[in-house]
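A.B. asks: Let me begin by handing over the structure; questions about it come next.
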Amino acid sequence: MTIMAGMGSPTGTGVGPLLRGWRERRQLSQLQLALRADSSARHLSFVENGRSRPSRELVLRLAEQLDVPVRERNTLLLAAGYAPQYPETPLDDPTMDALRGGVERLLAAHDPYPALVLDGGFRVLAANRSLGLLLDGVAPRLLEPPLNAVRITLHPDGLAPRIVNLRQWRRHLLERMERRMELVPAEPLQRLYEEVRSYPEPADGPAHGPAGGPAGSATDGHADGPATDPAEDGFPFALPMRIRHRGQVLSFLSTVTTFNTPLDVTVSELAMETFLPADAETARFLQTAVGTEPQP
């Protein structure tokens with residue numbers, strides 16, 4: 001298991017337009033937000049219109065009430081003329097030793113089932129040994145650092161030809177990227193999105209909703225999957241990823257875990273994705289392939 005050390009911010013004319021954009025995105029009125037942030041609608045109106053400069057403390061209170069991602073809270077502070085509040089520490093920095101150790105233990109504990117850690121751009125920062133079983137046949141160039149989980153999954157020379165329900169899984173990944181871009185509209189992520197959308201669509205039908213729009217949504221941090229019809233794959237409770245491997249089809253359910261109350265940009269964008277066997281056959285295969293005795 002190896003840690004592989006590894007995005008941007010929206011632009012605006014000032015903190016006022018940025019705050020207004022976040023408020024409108026959260027569908028709050030000026031009065032609602034002002035009450036939550038212990039301010040007044042009049043003062044908030046002046047801030048949004050550029051007639052008043054908010055204090056550093058008010059910017060942070062507003063950002064908290066608007067659930068602004070940590071990276072974008074720094075953007076708000078800079079736009080208001082203040083220094084950033086949250087550092088962005090490289091994952092291989094010595095101060096991250098405890099975090100890396102904890103992540104490594106979690107990954108190892110998930111064996112014999114695949115698990116990996118991603119950053120905000122879906123780059124693979126760490127993985128357990130079981131993930132390697134799924135990468136058989138992936139073109140070597142796609143496995144050169146920095147590995148990108150979305151590219152490896154959807155590329156025609158990656159996992160895509162082996163994913164049985166590629167149409168649904170492709171749609172799920174694109175929607176997940178769209179939700180991420182709504183929070184952090186960074187150019188690298190947008191370029192990656194356009195790239196993977198350009199890959200050939202599955203032969204069984206379009207992989208996106210009408211007119212190219214999203215087909216549904218879901219909330220990360222729980223059982224992961226889009227608002228599609230999982231029953232198409234025989235699982236009424238969540239969409240599995242079904243992948244051909246060594247003469248059989250393995251079925252996985254995906255979960256995504258993030259850190260609570262992060263105080264560092266790097267930590268705020270880390271996500272551990274784990275793949276749980278969706279049936280007994282998959283569990284038995286992985287327990288044998290990774291050399292682990294079946295659990296009672």
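By convention here, the chains of the structure tokens are called A, B, ... in the order presented, each chain's residues are numbered starting at 1, and ligands are numbered starting at 1 in the order presented.
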What's the 12 Å shell around region 100-105 of chain A, counting only C-alpha atoms, without same-chain residues fewer than 5 positions away, as a PyMOL selection string?
C.D. replies: chain A and resi 1-5+90-95+110-111+115-118+125-129+257-259+267+270-273
A.B. asks: Of the residues A:Gly16, A:Pro240, A:Pro188, A:Pro262, which is the one nearest to Leu62 (chain A), using only C-alpha atoms?
C.D. replies: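 Result for the nearest residue to Leu62 (chain A): A:Gly16.
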A.B. asks: Just want the 10 Å neighbourhood of Glu195 (chain A), counted on only C-alpha atoms, with same-chain residues fewer than 5 positions away dropped. Output as a PyMOL selection string.
C.D. replies: chain A and resi 151+155+189-190
A.B. asks: Just the residues within 12 Å of Ser29 (chain A), please, counting only C-alpha atoms, with nothing from its chain fewer than 3 positions along; format it as a short mmCIF file (atom, residue, chain, number, x, y, z; two decimals) with C-alpha atoms, in the first residue's frame.
C.D. replies:
```cif
data_model
loop_
_atom_site.label_atom_id
_atom_site.label_comp_id
_atom_site.auth_asym_id
_atom_site.auth_seq_id
_atom_site.Cartn_x
_atom_site.Cartn_y
_atom_site.Cartn_z
CA LEU A 19 -21.42 35.51 -1.06
CA ARG A 20 -24.55 36.28 -3.04
CA GLY A 21 -23.78 33.36 -5.35
CA TRP A 22 -23.40 30.96 -2.42
CA ARG A 23 -26.58 32.29 -0.79
CA GLU A 24 -28.60 31.84 -3.96
CA ARG A 25 -27.14 28.37 -4.43
CA ARG A 26 -28.37 27.46 -0.94
CA GLN A 32 -32.71 34.02 6.54
CA LEU A 33 -28.94 34.07 6.16
CA ALA A 34 -28.53 37.21 8.27
CA LEU A 35 -30.49 35.67 11.14
CA ARG A 36 -28.40 32.51 11.02
CA SER A 40 -28.93 42.01 9.72
CA ALA A 41 -30.48 41.77 6.29
CA ARG A 42 -29.57 45.42 5.68
CA LEU A 44 -25.83 41.69 4.34
CA SER A 45 -27.40 43.61 1.46
CA LEU A 66 -23.73 28.53 3.79
#
```
A.B. asks: Could you work out how far CA of Ala160 (chain A) lies from CA of Ala139 (chain A), giving the answer in Å with one decimal?
C.D. replies: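 Taking CA of Ala139 (chain A) as the start and CA of Ala160 (chain A) as the end point, the length is 11.5 Å.
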A.B. asks: For region 161-168 of chain A, find every residue with an atom within 6 Å (counting only C-alpha atoms), except residues of its own chain fewer than 6 positions away, and show them as a list in words.
C.D. replies: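 My reading of the contact set: Pro202, Ala207, Arg242, Ile243 and Arg244 of chain A.
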A.B. asks: Which parts of region 119-288 of chain A does DSSP call strand (DSSP E or B) when run on the backbone here, written out as a PyMOL selection string?
C.D. replies: chain A and resi 123-127+148+163+220+222-224+241-245+248-257+271-277
A.B. asks: When you look at Leu76 (chain A) with a cut-off of 12 Å (counting only C-alpha atoms), what residues show up, excluding the ones that are within fewer than 2 positions of it in the same chain? I need them as a ChimeraX atom specification.
C.D. replies: /A:9-22,53-64,66,68-74,78-86
A.B. asks: Take the residues that were just selected and, keeping C-alpha atoms, output them as a short mmCIF file (atom, residue, chain, number, x, y, z; two decimals), in the first residue's frame.
C.D. replies:
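Final file, out_30.cif:
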```
data_model
loop_
_atom_site.label_atom_id
_atom_site.label_comp_id
_atom_site.auth_asym_id
_atom_site.auth_seq_id
_atom_site.Cartn_x
_atom_site.Cartn_y
_atom_site.Cartn_z
CA SER A 9 -11.53 28.46 -7.01
CA PRO A 10 -14.31 30.42 -8.59
CA THR A 11 -13.50 33.99 -9.52
CA GLY A 12 -15.54 37.12 -8.83
CA THR A 13 -15.30 40.86 -8.60
CA GLY A 14 -15.36 40.85 -4.82
CA VAL A 15 -16.61 39.09 -1.73
CA GLY A 16 -20.14 40.47 -2.19
CA PRO A 17 -20.94 38.70 -5.48
CA LEU A 18 -19.30 35.52 -4.22
CA LEU A 19 -21.42 35.51 -1.06
CA ARG A 20 -24.55 36.28 -3.04
CA GLY A 21 -23.78 33.36 -5.35
CA TRP A 22 -23.40 30.96 -2.42
CA ARG A 53 -16.78 45.45 3.76
CA PRO A 54 -17.57 42.52 6.04
CA SER A 55 -15.35 41.73 8.99
CA ARG A 56 -13.23 38.63 8.87
CA GLU A 57 -15.43 37.06 11.53
CA LEU A 58 -18.60 37.77 9.55
CA VAL A 59 -17.14 36.23 6.39
CA LEU A 60 -16.36 33.04 8.31
CA ARG A 61 -19.80 32.97 9.98
CA LEU A 62 -21.53 33.42 6.64
CA ALA A 63 -19.37 30.74 5.06
CA GLU A 64 -20.20 28.34 7.85
CA LEU A 66 -23.73 28.53 3.79
CA VAL A 68 -19.03 26.65 1.87
CA PRO A 69 -16.18 24.18 1.22
CA VAL A 70 -12.97 24.94 3.08
CA ARG A 71 -11.03 25.87 -0.06
CA GLU A 72 -13.73 28.36 -1.06
CA ARG A 73 -13.77 29.90 2.43
CA ASN A 74 -10.20 30.94 1.76
CA LEU A 78 -9.04 36.75 0.03
CA ALA A 79 -11.81 38.50 -1.88
CA ALA A 80 -12.63 40.48 1.28
CA GLY A 81 -8.98 41.48 1.71
CA TYR A 82 -8.03 39.05 4.47
CA ALA A 83 -5.43 36.32 4.72
CA PRO A 84 -6.60 32.73 4.23
CA GLN A 85 -7.75 30.89 7.33
CA TYR A 86 -7.11 27.31 6.29
#
```
A.B. asks: May I ask which of the residues A:Leu159, A:Val256, A:Leu174, A:Leu107 is the closest one to Val196 (chain A), counting only C-alpha atoms?
C.D. replies: A:Leu174
A.B. asks: May I ask for the distance between CA of Ser268 (chain A) and CA of Gly158 (chain A), given in Å to one decimal place?
C.D. replies: 28.3 Å
A.B. asks: Calculated over only C-alpha atoms, which of the candidates A:Asp119, A:Pro146, A:Asp264, A:Tyr193 has the smallest distance to Met96 (chain A)?
C.D. replies: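 Distance minimum relative to Met96 (chain A) lands on A:Asp264.
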A.B. asks: Rank nothing, just name the residue among A:Met181, A:Gly50, A:Ile152, A:Leu134 nearest to Val249 (chain A), using only C-alpha atoms.
C.D. replies: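 Checking each of A:Met181, A:Gly50, A:Ile152, A:Leu134 against Val249 (chain A), counting only C-alpha atoms, the winner is A:Leu134.
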A.B. asks: Of the residues A:Phe237, A:Ser254, A:Pro112, A:Arg141, which is the one nearest to Trp169 (chain A), using only C-alpha atoms?
C.D. replies: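 Smallest distance to Trp169 (chain A) is found for A:Ser254.
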A.B. asks: As a compact mmCIF listing (two decimals) with N, CA and C atoms, in the first residue's frame, please: every residue in region 23-271 of chain A that a backbone DSSP assignment puts in helix (DSSP H, G or I).
C.D. replies:
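Below you can see states-v5.txt, which holds the result:
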```
# COMPACT_ATOMS: atom_id res chain seq x y z
N ARG A 23 -25.26 32.19 -1.42
CA ARG A 23 -26.58 32.29 -0.79
C ARG A 23 -27.68 31.82 -1.74
N GLU A 24 -27.59 32.25 -2.99
CA GLU A 24 -28.60 31.84 -3.96
C GLU A 24 -28.52 30.34 -4.23
N ARG A 25 -27.31 29.81 -4.22
CA ARG A 25 -27.14 28.37 -4.43
C ARG A 25 -27.81 27.59 -3.30
N GLN A 30 -31.81 36.92 2.03
CA GLN A 30 -30.86 37.70 2.83
C GLN A 30 -31.26 37.69 4.30
N LEU A 31 -32.55 37.77 4.58
CA LEU A 31 -33.00 37.77 5.97
C LEU A 31 -32.70 36.44 6.64
N GLN A 32 -32.97 35.34 5.96
CA GLN A 32 -32.71 34.02 6.54
C GLN A 32 -31.23 33.86 6.86
N LEU A 33 -30.37 34.22 5.93
CA LEU A 33 -28.94 34.07 6.16
C LEU A 33 -28.46 35.01 7.25
N ALA A 34 -28.95 36.24 7.26
CA ALA A 34 -28.53 37.21 8.27
C ALA A 34 -28.89 36.73 9.67
N LEU A 35 -30.09 36.18 9.83
CA LEU A 35 -30.49 35.67 11.14
C LEU A 35 -29.60 34.52 11.58
N ARG A 36 -29.26 33.65 10.67
CA ARG A 36 -28.40 32.51 11.02
C ARG A 36 -26.99 32.96 11.39
N ALA A 41 -30.26 41.84 7.72
CA ALA A 41 -30.48 41.77 6.29
C ALA A 41 -29.94 43.02 5.60
N ARG A 42 -30.05 44.17 6.27
CA ARG A 42 -29.57 45.42 5.68
C ARG A 42 -28.05 45.38 5.50
N HIS A 43 -27.36 44.93 6.54
CA HIS A 43 -25.90 44.86 6.45
C HIS A 43 -25.48 43.85 5.39
N LEU A 44 -26.15 42.69 5.33
CA LEU A 44 -25.83 41.69 4.34
C LEU A 44 -26.07 42.23 2.93
N SER A 45 -27.13 43.00 2.76
CA SER A 45 -27.40 43.61 1.46
C SER A 45 -26.28 44.55 1.06
N PHE A 46 -25.80 45.35 2.00
CA PHE A 46 -24.69 46.26 1.72
C PHE A 46 -23.42 45.48 1.35
N VAL A 47 -23.20 44.35 2.04
CA VAL A 47 -22.02 43.53 1.74
C VAL A 47 -22.11 42.97 0.33
N GLU A 48 -23.26 42.41 -0.01
CA GLU A 48 -23.42 41.80 -1.32
C GLU A 48 -23.33 42.82 -2.44
N ARG A 56 -13.72 39.99 9.07
CA ARG A 56 -13.23 38.63 8.87
C ARG A 56 -14.15 37.62 9.56
N GLU A 57 -14.57 37.96 10.76
CA GLU A 57 -15.43 37.06 11.53
C GLU A 57 -16.77 36.85 10.83
N LEU A 58 -17.31 37.91 10.24
CA LEU A 58 -18.60 37.77 9.55
C LEU A 58 -18.44 36.90 8.31
N VAL A 59 -17.36 37.07 7.58
CA VAL A 59 -17.14 36.23 6.39
C VAL A 59 -17.13 34.76 6.80
N LEU A 60 -16.44 34.44 7.88
CA LEU A 60 -16.36 33.04 8.31
C LEU A 60 -17.71 32.54 8.82
N ARG A 61 -18.47 33.39 9.51
CA ARG A 61 -19.80 32.97 9.98
C ARG A 61 -20.73 32.72 8.80
N LEU A 62 -20.69 33.61 7.82
CA LEU A 62 -21.53 33.42 6.64
C LEU A 62 -21.14 32.16 5.89
N ALA A 63 -19.84 31.93 5.76
CA ALA A 63 -19.37 30.74 5.06
C ALA A 63 -19.81 29.48 5.77
N GLU A 64 -19.77 29.51 7.09
CA GLU A 64 -20.20 28.34 7.85
C GLU A 64 -21.68 28.07 7.66
N GLN A 65 -22.49 29.13 7.71
CA GLN A 65 -23.93 28.96 7.57
C GLN A 65 -24.30 28.53 6.15
N VAL A 70 -14.10 24.28 2.43
CA VAL A 70 -12.97 24.94 3.08
C VAL A 70 -12.13 25.74 2.09
N ARG A 71 -11.84 25.16 0.94
CA ARG A 71 -11.03 25.87 -0.06
C ARG A 71 -11.70 27.18 -0.45
N GLU A 72 -13.02 27.16 -0.62
CA GLU A 72 -13.73 28.36 -1.06
C GLU A 72 -13.89 29.37 0.07
N ARG A 73 -13.78 28.93 1.32
CA ARG A 73 -13.77 29.90 2.43
C ARG A 73 -12.52 30.76 2.35
N ASN A 74 -11.41 30.15 1.99
CA ASN A 74 -10.20 30.94 1.76
C ASN A 74 -10.41 31.94 0.63
N THR A 75 -11.10 31.52 -0.41
CA THR A 75 -11.37 32.41 -1.54
C THR A 75 -12.19 33.61 -1.09
N LEU A 76 -13.19 33.37 -0.25
CA LEU A 76 -14.01 34.46 0.27
C LEU A 76 -13.17 35.43 1.10
N LEU A 77 -12.31 34.89 1.94
CA LEU A 77 -11.46 35.75 2.76
C LEU A 77 -10.54 36.59 1.90
N LEU A 78 -9.93 36.00 0.91
CA LEU A 78 -9.04 36.75 0.03
C LEU A 78 -9.80 37.84 -0.72
N ALA A 79 -11.01 37.51 -1.16
CA ALA A 79 -11.81 38.50 -1.88
C ALA A 79 -12.20 39.67 -0.99
N PRO A 94 5.42 15.90 7.08
CA PRO A 94 5.55 15.20 8.37
C PRO A 94 4.40 15.48 9.33
N THR A 95 3.80 16.66 9.24
CA THR A 95 2.69 16.97 10.15
C THR A 95 1.47 16.11 9.85
N MET A 96 1.46 15.44 8.70
CA MET A 96 0.33 14.59 8.32
C MET A 96 0.58 13.12 8.67
N ASP A 97 1.63 12.84 9.41
CA ASP A 97 1.98 11.45 9.71
C ASP A 97 0.83 10.70 10.38
N ALA A 98 0.21 11.33 11.37
CA ALA A 98 -0.88 10.66 12.09
C ALA A 98 -2.06 10.39 11.18
N LEU A 99 -2.38 11.36 10.32
CA LEU A 99 -3.51 11.18 9.41
C LEU A 99 -3.20 10.07 8.42
N ARG A 100 -1.99 10.08 7.84
CA ARG A 100 -1.63 9.04 6.87
C ARG A 100 -1.66 7.67 7.53
N GLY A 101 -1.15 7.59 8.76
CA GLY A 101 -1.17 6.31 9.46
C GLY A 101 -2.57 5.80 9.67
N GLY A 102 -3.48 6.69 10.05
CA GLY A 102 -4.87 6.28 10.24
C GLY A 102 -5.51 5.82 8.95
N VAL A 103 -5.24 6.54 7.87
CA VAL A 103 -5.79 6.16 6.57
C VAL A 103 -5.26 4.80 6.13
N GLU A 104 -3.97 4.58 6.31
CA GLU A 104 -3.38 3.30 5.92
C GLU A 104 -3.99 2.14 6.71
N ARG A 105 -4.23 2.36 7.98
CA ARG A 105 -4.84 1.30 8.79
C ARG A 105 -6.26 1.00 8.32
N LEU A 106 -7.00 2.05 7.97
CA LEU A 106 -8.36 1.83 7.48
C LEU A 106 -8.36 1.08 6.16
N LEU A 107 -7.45 1.45 5.27
CA LEU A 107 -7.37 0.76 3.99
C LEU A 107 -7.01 -0.72 4.18
N ALA A 108 -6.01 -0.97 5.02
CA ALA A 108 -5.60 -2.35 5.25
C ALA A 108 -6.72 -3.16 5.90
N ALA A 109 -7.47 -2.53 6.80
CA ALA A 109 -8.54 -3.25 7.49
C ALA A 109 -9.67 -3.63 6.54
N HIS A 110 -9.78 -2.90 5.42
CA HIS A 110 -10.87 -3.19 4.48
C HIS A 110 -10.55 -4.38 3.57
N LEU A 131 -7.47 -3.51 -4.39
CA LEU A 131 -7.85 -2.73 -5.56
C LEU A 131 -7.11 -3.22 -6.81
N GLY A 132 -5.89 -3.72 -6.62
CA GLY A 132 -5.12 -4.19 -7.76
C GLY A 132 -5.79 -5.30 -8.53
N LEU A 133 -6.64 -6.11 -7.85
CA LEU A 133 -7.33 -7.19 -8.53
C LEU A 133 -8.26 -6.67 -9.61
N LEU A 134 -8.80 -5.47 -9.40
CA LEU A 134 -9.76 -4.92 -10.35
C LEU A 134 -9.09 -4.24 -11.54
N PRO A 140 -1.33 0.27 -19.32
CA PRO A 140 -0.28 0.75 -18.42
C PRO A 140 -0.21 2.26 -18.32
N ARG A 141 -0.47 2.98 -19.42
CA ARG A 141 -0.37 4.44 -19.37
C ARG A 141 -1.40 5.06 -18.43
N LEU A 142 -2.55 4.38 -18.23
CA LEU A 142 -3.56 4.89 -17.32
C LEU A 142 -3.18 4.65 -15.86
N LEU A 143 -2.20 3.78 -15.63
CA LEU A 143 -1.78 3.46 -14.28
C LEU A 143 -0.52 4.22 -13.87
N ALA A 149 -9.12 8.10 -10.78
CA ALA A 149 -10.11 7.03 -10.65
C ALA A 149 -11.19 7.11 -11.72
N VAL A 150 -11.65 8.31 -12.03
CA VAL A 150 -12.71 8.44 -13.03
C VAL A 150 -12.18 8.08 -14.42
N ARG A 151 -10.98 8.54 -14.74
CA ARG A 151 -10.40 8.23 -16.05
C ARG A 151 -10.18 6.72 -16.19
N ILE A 152 -9.62 6.09 -15.16
CA ILE A 152 -9.37 4.65 -15.22
C ILE A 152 -10.68 3.89 -15.39
N THR A 153 -11.73 4.35 -14.72
CA THR A 153 -13.01 3.63 -14.76
C THR A 153 -13.70 3.75 -16.11
N LEU A 154 -13.72 4.93 -16.70
CA LEU A 154 -14.53 5.17 -17.89
C LEU A 154 -13.76 5.12 -19.20
N ALA A 160 -13.80 0.30 -18.33
CA ALA A 160 -15.10 0.42 -19.00
C ALA A 160 -15.52 -0.85 -19.76
N PRO A 161 -14.65 -1.49 -20.54
CA PRO A 161 -15.11 -2.67 -21.28
C PRO A 161 -15.54 -3.83 -20.40
N ARG A 162 -15.10 -3.83 -19.14
CA ARG A 162 -15.42 -4.94 -18.24
C ARG A 162 -16.60 -4.63 -17.32
N LEU A 166 -22.26 -0.52 -17.47
CA LEU A 166 -21.49 0.70 -17.70
C LEU A 166 -22.38 1.92 -17.90
N ARG A 167 -23.52 1.75 -18.55
CA ARG A 167 -24.39 2.91 -18.80
C ARG A 167 -24.80 3.57 -17.49
N GLN A 168 -25.26 2.76 -16.52
CA GLN A 168 -25.68 3.32 -15.23
C GLN A 168 -24.49 3.85 -14.43
N TRP A 169 -23.38 3.09 -14.44
CA TRP A 169 -22.23 3.51 -13.62
C TRP A 169 -21.59 4.77 -14.19
N ARG A 170 -21.57 4.89 -15.51
CA ARG A 170 -21.04 6.11 -16.14
C ARG A 170 -21.89 7.30 -15.74
N ARG A 171 -23.19 7.13 -15.77
CA ARG A 171 -24.09 8.23 -15.40
C ARG A 171 -23.87 8.63 -13.95
N HIS A 172 -23.71 7.64 -13.08
CA HIS A 172 -23.45 7.91 -11.67
C HIS A 172 -22.17 8.75 -11.50
N LEU A 173 -21.09 8.36 -12.18
CA LEU A 173 -19.82 9.07 -12.01
C LEU A 173 -19.91 10.49 -12.57
N LEU A 174 -20.58 10.67 -13.70
CA LEU A 174 -20.71 12.01 -14.26
C LEU A 174 -21.53 12.91 -13.34
N GLU A 175 -22.58 12.37 -12.74
CA GLU A 175 -23.39 13.16 -11.82
C GLU A 175 -22.60 13.50 -10.56
N ARG A 176 -21.80 12.57 -10.13
CA ARG A 176 -20.96 12.84 -8.96
C ARG A 176 -19.97 13.97 -9.26
N MET A 177 -19.40 13.97 -10.45
CA MET A 177 -18.50 15.04 -10.83
C MET A 177 -19.25 16.37 -10.93
N GLU A 178 -20.46 16.33 -11.45
CA GLU A 178 -21.25 17.56 -11.56
C GLU A 178 -21.53 18.17 -10.19
N ARG A 179 -21.84 17.31 -9.22
CA ARG A 179 -22.09 17.83 -7.86
C ARG A 179 -20.81 18.44 -7.28
N ARG A 180 -19.68 17.81 -7.58
CA ARG A 180 -18.42 18.35 -7.10
C ARG A 180 -18.12 19.70 -7.74
N MET A 181 -18.38 19.83 -9.03
CA MET A 181 -18.11 21.08 -9.73
C MET A 181 -19.03 22.21 -9.26
N GLU A 182 -20.21 21.87 -8.78
CA GLU A 182 -21.09 22.90 -8.23
C GLU A 182 -20.50 23.51 -6.97
N LEU A 183 -19.76 22.70 -6.22
CA LEU A 183 -19.12 23.19 -5.00
C LEU A 183 -17.79 23.87 -5.28
N GLU A 187 -11.04 24.62 -12.88
CA GLU A 187 -10.79 24.31 -14.28
C GLU A 187 -10.25 22.89 -14.50
N PRO A 188 -9.32 22.38 -13.67
CA PRO A 188 -8.86 21.00 -13.90
C PRO A 188 -9.99 19.98 -13.82
N LEU A 189 -10.91 20.18 -12.88
CA LEU A 189 -12.03 19.25 -12.76
C LEU A 189 -12.96 19.38 -13.96
N GLN A 190 -13.17 20.60 -14.44
CA GLN A 190 -14.01 20.79 -15.61
C GLN A 190 -13.39 20.12 -16.84
N ARG A 191 -12.08 20.24 -16.98
CA ARG A 191 -11.41 19.60 -18.12
C ARG A 191 -11.52 18.08 -18.05
N LEU A 192 -11.35 17.54 -16.84
CA LEU A 192 -11.50 16.09 -16.67
C LEU A 192 -12.92 15.66 -17.02
N TYR A 193 -13.90 16.42 -16.59
CA TYR A 193 -15.30 16.10 -16.87
C TYR A 193 -15.55 16.07 -18.38
N GLU A 194 -15.07 17.10 -19.08
CA GLU A 194 -15.26 17.14 -20.53
C GLU A 194 -14.54 15.97 -21.21
N GLU A 195 -13.39 15.61 -20.67
CA GLU A 195 -12.64 14.49 -21.25
C GLU A 195 -13.42 13.19 -21.13
N VAL A 196 -13.87 12.86 -19.92
CA VAL A 196 -14.52 11.56 -19.73
C VAL A 196 -15.90 11.53 -20.38
N ARG A 197 -16.54 12.67 -20.50
CA ARG A 197 -17.83 12.70 -21.21
C ARG A 197 -17.64 12.42 -22.69
N PRO A 210 -31.95 13.54 -20.55
CA PRO A 210 -32.39 14.22 -21.75
C PRO A 210 -31.58 15.48 -22.01
N ALA A 211 -31.28 15.70 -23.29
CA ALA A 211 -30.57 16.91 -23.73
C ALA A 211 -29.24 17.07 -23.04
N GLY A 212 -28.64 15.96 -22.57
CA GLY A 212 -27.33 16.03 -21.95
C GLY A 212 -27.35 16.47 -20.52
N PRO A 230 -31.88 1.08 -9.73
CA PRO A 230 -30.98 -0.02 -9.39
C PRO A 230 -31.62 -1.37 -9.63
N ALA A 231 -32.95 -1.43 -9.64
CA ALA A 231 -33.61 -2.71 -9.84
C ALA A 231 -33.26 -3.32 -11.19
N GLU A 232 -32.78 -2.47 -12.13
CA GLU A 232 -32.34 -2.99 -13.42
C GLU A 232 -31.23 -4.02 -13.22
N ASP A 233 -30.45 -3.88 -12.15
CA ASP A 233 -29.36 -4.79 -11.89
C ASP A 233 -29.69 -5.76 -10.77
N VAL A 265 -7.29 22.45 3.90
CA VAL A 265 -7.88 22.26 2.58
C VAL A 265 -7.66 20.84 2.08
N THR A 266 -6.45 20.33 2.24
CA THR A 266 -6.15 18.97 1.78
C THR A 266 -7.06 17.95 2.45
N VAL A 267 -7.19 18.05 3.76
CA VAL A 267 -8.01 17.10 4.50
C VAL A 267 -9.48 17.22 4.11
N SER A 268 -9.92 18.45 3.85
CA SER A 268 -11.34 18.67 3.51
C SER A 268 -11.72 17.99 2.21
```
A.B. asks: When you count only C-alpha atoms, which of these residues is closest to Arg123 (chain A): A:Tyr199, A:Glu269, A:Pro87, A:Asp67?
C.D. replies: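 Using only C-alpha atoms, the shortest distance to Arg123 (chain A) belongs to A:Glu269.
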A.B. asks: Neighbours of Thr282 (chain A) within 9 Å (only C-alpha atoms; same-chain residues fewer than 5 positions away dropped), as a list in words?
C.D. replies: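 Residues near the query, excluding close chain neighbours: Val249, Leu250, Ser251, Phe252, Pro277 and Gln287 of chain A.
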A.B. asks: Just C-alpha atoms for this one: save the residues we selected as an mmCIF file, in the first residue's frame.
C.D. replies:
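In the end it all went to out.cif:
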```cif
data_model
loop_
_atom_site.group_PDB
_atom_site.id
_atom_site.type_symbol
_atom_site.label_atom_id
_atom_site.label_comp_id
_atom_site.auth_asym_id
_atom_site.auth_seq_id
_atom_site.Cartn_x
_atom_site.Cartn_y
_atom_site.Cartn_z
ATOM 1 C CA VAL A 249 -19.075 -11.039 -12.626
ATOM 2 C CA LEU A 250 -18.219 -9.325 -9.336
ATOM 3 C CA SER A 251 -20.784 -6.969 -7.799
ATOM 4 C CA PHE A 252 -19.854 -4.104 -5.476
ATOM 5 C CA PRO A 277 -19.329 -7.138 -1.941
ATOM 6 C CA GLN A 287 -11.471 -13.712 0.244
#
```
A.B. asks: One decimal, in Å: what's the spacing between CA of Gly121 (chain A) and CA of Leu147 (chain A)?
C.D. replies: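 Atom-to-atom, CA of Gly121 (chain A) and CA of Leu147 (chain A) are spaced 10.5 Å apart.
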